[in-house]
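See below for the structure under consideration.
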Amino acid sequence: MKNAAALSGQQPMAAAAVGASVVTTPVALAATETSTRDRVTQLLLERGATTAAQLGVALGLSPAAIRRHLDAMLADGDVVAREQTVRGSRGRGRPAKVFLLTDAARGRCGTHHYDNMATAALRWIARSGGSNAVEAFATEQVSALESRCRAAMEDAGDDPLARAEALAGALTAEGYAANATTIASGGQLCQHHCPVAHVAAEFPQLCEAETAVISRLVGTHVQRLATIAHGDGVCTTHIPTQPSRAQSGNPVTTVRTDR
């Protein structure tokens with residue numbers, strides 16, 4: 001009886017150990033989901049229009065599994081579904097659907113190629129026209145962004161911190177993932193994404209032009225404390241509590257943090 005009791009006491013521990021070895025954590029599951037979606041994206045990039053069945057065979061996934069991934073990608077706007085074009089006589093039933101990458105998803109696959117081309121173009125501009133030409137180009141590039149943000153901030157009022165909050169919302173809509181916070185020395189505008197970070201790492205004029213835009217839109221002098229292009233995790237712009245109001249053409253201080 002004693003041995004039986006000891007054995008029965010050990011069984012739950014053994015079962016728990018066995019169970020623990022097959023448990024999939026949320027982090028591991030998310031990583032697997034992302035990896036599979038990356039493989040689906042790569043196949044669609046290589047093959048173009050492809051049916052769910054063809055994708056499932058290529059990836060070794062069940063029809064239910066591949067459908068789950070495609071439904072998620074449809075919801076995220078990464079793929080579109082169309083009826084398959086059939087040449088010649090067609091059998092009974094509706095034609096199978098094929099899936100294609102959207103322009104947005106395809107663009108993300110070629111980001112580094114665009115970065116390389118943009119960098120090469122700016123190098124050519126620098127050689128041909130010097131630093132002033134690069135600055136003029138950078139200013140021209142951010143002018144459209146400034147116009148859109150200014151339109152989105154029409155009801156923000158005159159307070160610089162309130163305008164910074166409105167600007168954060170406008171920048172987020174542009175894909176910059178921005179937010180504004182109030183701190184002891186004033187305000188802080190943070191951008192968690194930079195679409196030109198790789199190019200701006202070599203041509204800081206892009207960051208400087210963007211900082212000037214922030215200054216004009218907020219309506220006050222600002223300080224750029226950190227940039228993603230410089231290797232920081234976030235682009236951070238400080239808005240002093242009682243700064244002098246910025247006027248068009250006034251210099252904007254850019255301070256970068258060195259590690």
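Letters for chains follow the order of the structure tokens (A, B, ...), residue numbers begin at 1 for each chain, and ligand numbers begin at 1 in the order shown.
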Mind checking which residues fall within 10 Å of Ala178 in chain A, counting only C-alpha atoms, ignoring those fewer than 5 positions away in the same chain, and posting them as a list in words? Glu165, Leu167, Ala168, Gly169, Ala170, Leu171, Thr172, Ala173, Leu189, Cys190, Gln191, His192, His193, Cys194, Val234, Cys235 and Thr236 of chain A
Skipping near chain neighbours, those fewer than 4 positions away, what residues fall within 9 Å of Gly187 in chain A using only C-alpha atoms, listed as a list in words? Pro160, Leu161, Ala164, Ala180, Thr181, Thr182, Ile183, Thr237, His238, Ile239, Pro240 and Thr241 of chain A
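Here CA of Arg67 in chain A and CA of Ala53 in chain A stand 9.1 Å from one another.
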Could you find all residues in range 63-208 of chain A that DSSP calls helix (DSSP H, G or I) from the backbone, and write them as a count of residues only? 84
Determine the nearest neighbour of Asp159 in chain A from the options A:Gly186, A:Gly219, A:Gly129, A:Pro204, counting only C-alpha atoms.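 Distance minimum relative to Asp159 in chain A lands on A:Gly219.
With CA of Arg127 in chain A on one side and CA of Gln205 in chain A on the other, the separation reads 14.9 Å.
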Please provide as a PyMOL selection string all residues within 10 Å of Gly48 in chain A, with the sequence filter that same-chain residues fewer than 5 positions apart are discarded (counting only C-alpha atoms). chain A and resi 41-43+98-101
Those residues with N, CA and C atoms, as a PDB file, in the first residue's frame please?
ATOM      1  N   THR A  41       4.120  34.486 -48.015  1.00  0.00           N
ATOM      2  CA  THR A  41       4.439  35.714 -48.745  1.00  0.00           C
ATOM      3  C   THR A  41       5.520  35.470 -49.789  1.00  0.00           C
ATOM      4  N   GLN A  42       6.559  34.731 -49.397  1.00  0.00           N
ATOM      5  CA  GLN A  42       7.658  34.471 -50.321  1.00  0.00           C
ATOM      6  C   GLN A  42       7.195  33.650 -51.521  1.00  0.00           C
ATOM      7  N   LEU A  43       6.346  32.646 -51.272  1.00  0.00           N
ATOM      8  CA  LEU A  43       5.828  31.836 -52.372  1.00  0.00           C
ATOM      9  C   LEU A  43       4.972  32.666 -53.330  1.00  0.00           C
ATOM     10  N   VAL A  98      -7.638  32.225 -56.635  1.00  0.00           N
ATOM     11  CA  VAL A  98      -6.187  32.365 -56.523  1.00  0.00           C
ATOM     12  C   VAL A  98      -5.908  33.566 -55.636  1.00  0.00           C
ATOM     13  N   PHE A  99      -4.745  33.546 -55.019  1.00  0.00           N
ATOM     14  CA  PHE A  99      -4.368  34.606 -54.092  1.00  0.00           C
ATOM     15  C   PHE A  99      -3.125  35.312 -54.612  1.00  0.00           C
ATOM     16  N   LEU A 100      -3.112  36.635 -54.466  1.00  0.00           N
ATOM     17  CA  LEU A 100      -1.998  37.455 -54.919  1.00  0.00           C
ATOM     18  C   LEU A 100      -1.633  38.439 -53.818  1.00  0.00           C
ATOM     19  N   LEU A 101      -0.364  38.827 -53.788  1.00  0.00           N
ATOM     20  CA  LEU A 101       0.074  39.849 -52.852  1.00  0.00           C
ATOM     21  C   LEU A 101      -0.471  41.206 -53.272  1.00  0.00           C
TER      22      LEU A 101
END
Counting only C-alpha atoms, what is within 9 Å of Leu55 in chain A, bar same-chain residues fewer than 6 positions away, as a list in words?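 Once the adjacent positions are removed, what remains is Val40, Leu43, Leu44, Leu61 and Ile66 of chain A.
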Expected file contents, prior selection, C-alpha atoms, as a PDB file, in the first residue's frame:
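Below is the file that was written, selection_11.pdb:
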ATOM      1  CA  VAL A  40       3.387  32.174 -47.782  1.00  0.00           C
ATOM      2  CA  LEU A  43       5.828  31.836 -52.372  1.00  0.00           C
ATOM      3  CA  LEU A  44       3.278  34.359 -53.633  1.00  0.00           C
ATOM      4  CA  LEU A  61       0.029  22.458 -44.589  1.00  0.00           C
ATOM      5  CA  ILE A  66      -3.419  27.329 -45.069  1.00  0.00           C
TER       6      ILE A  66
END
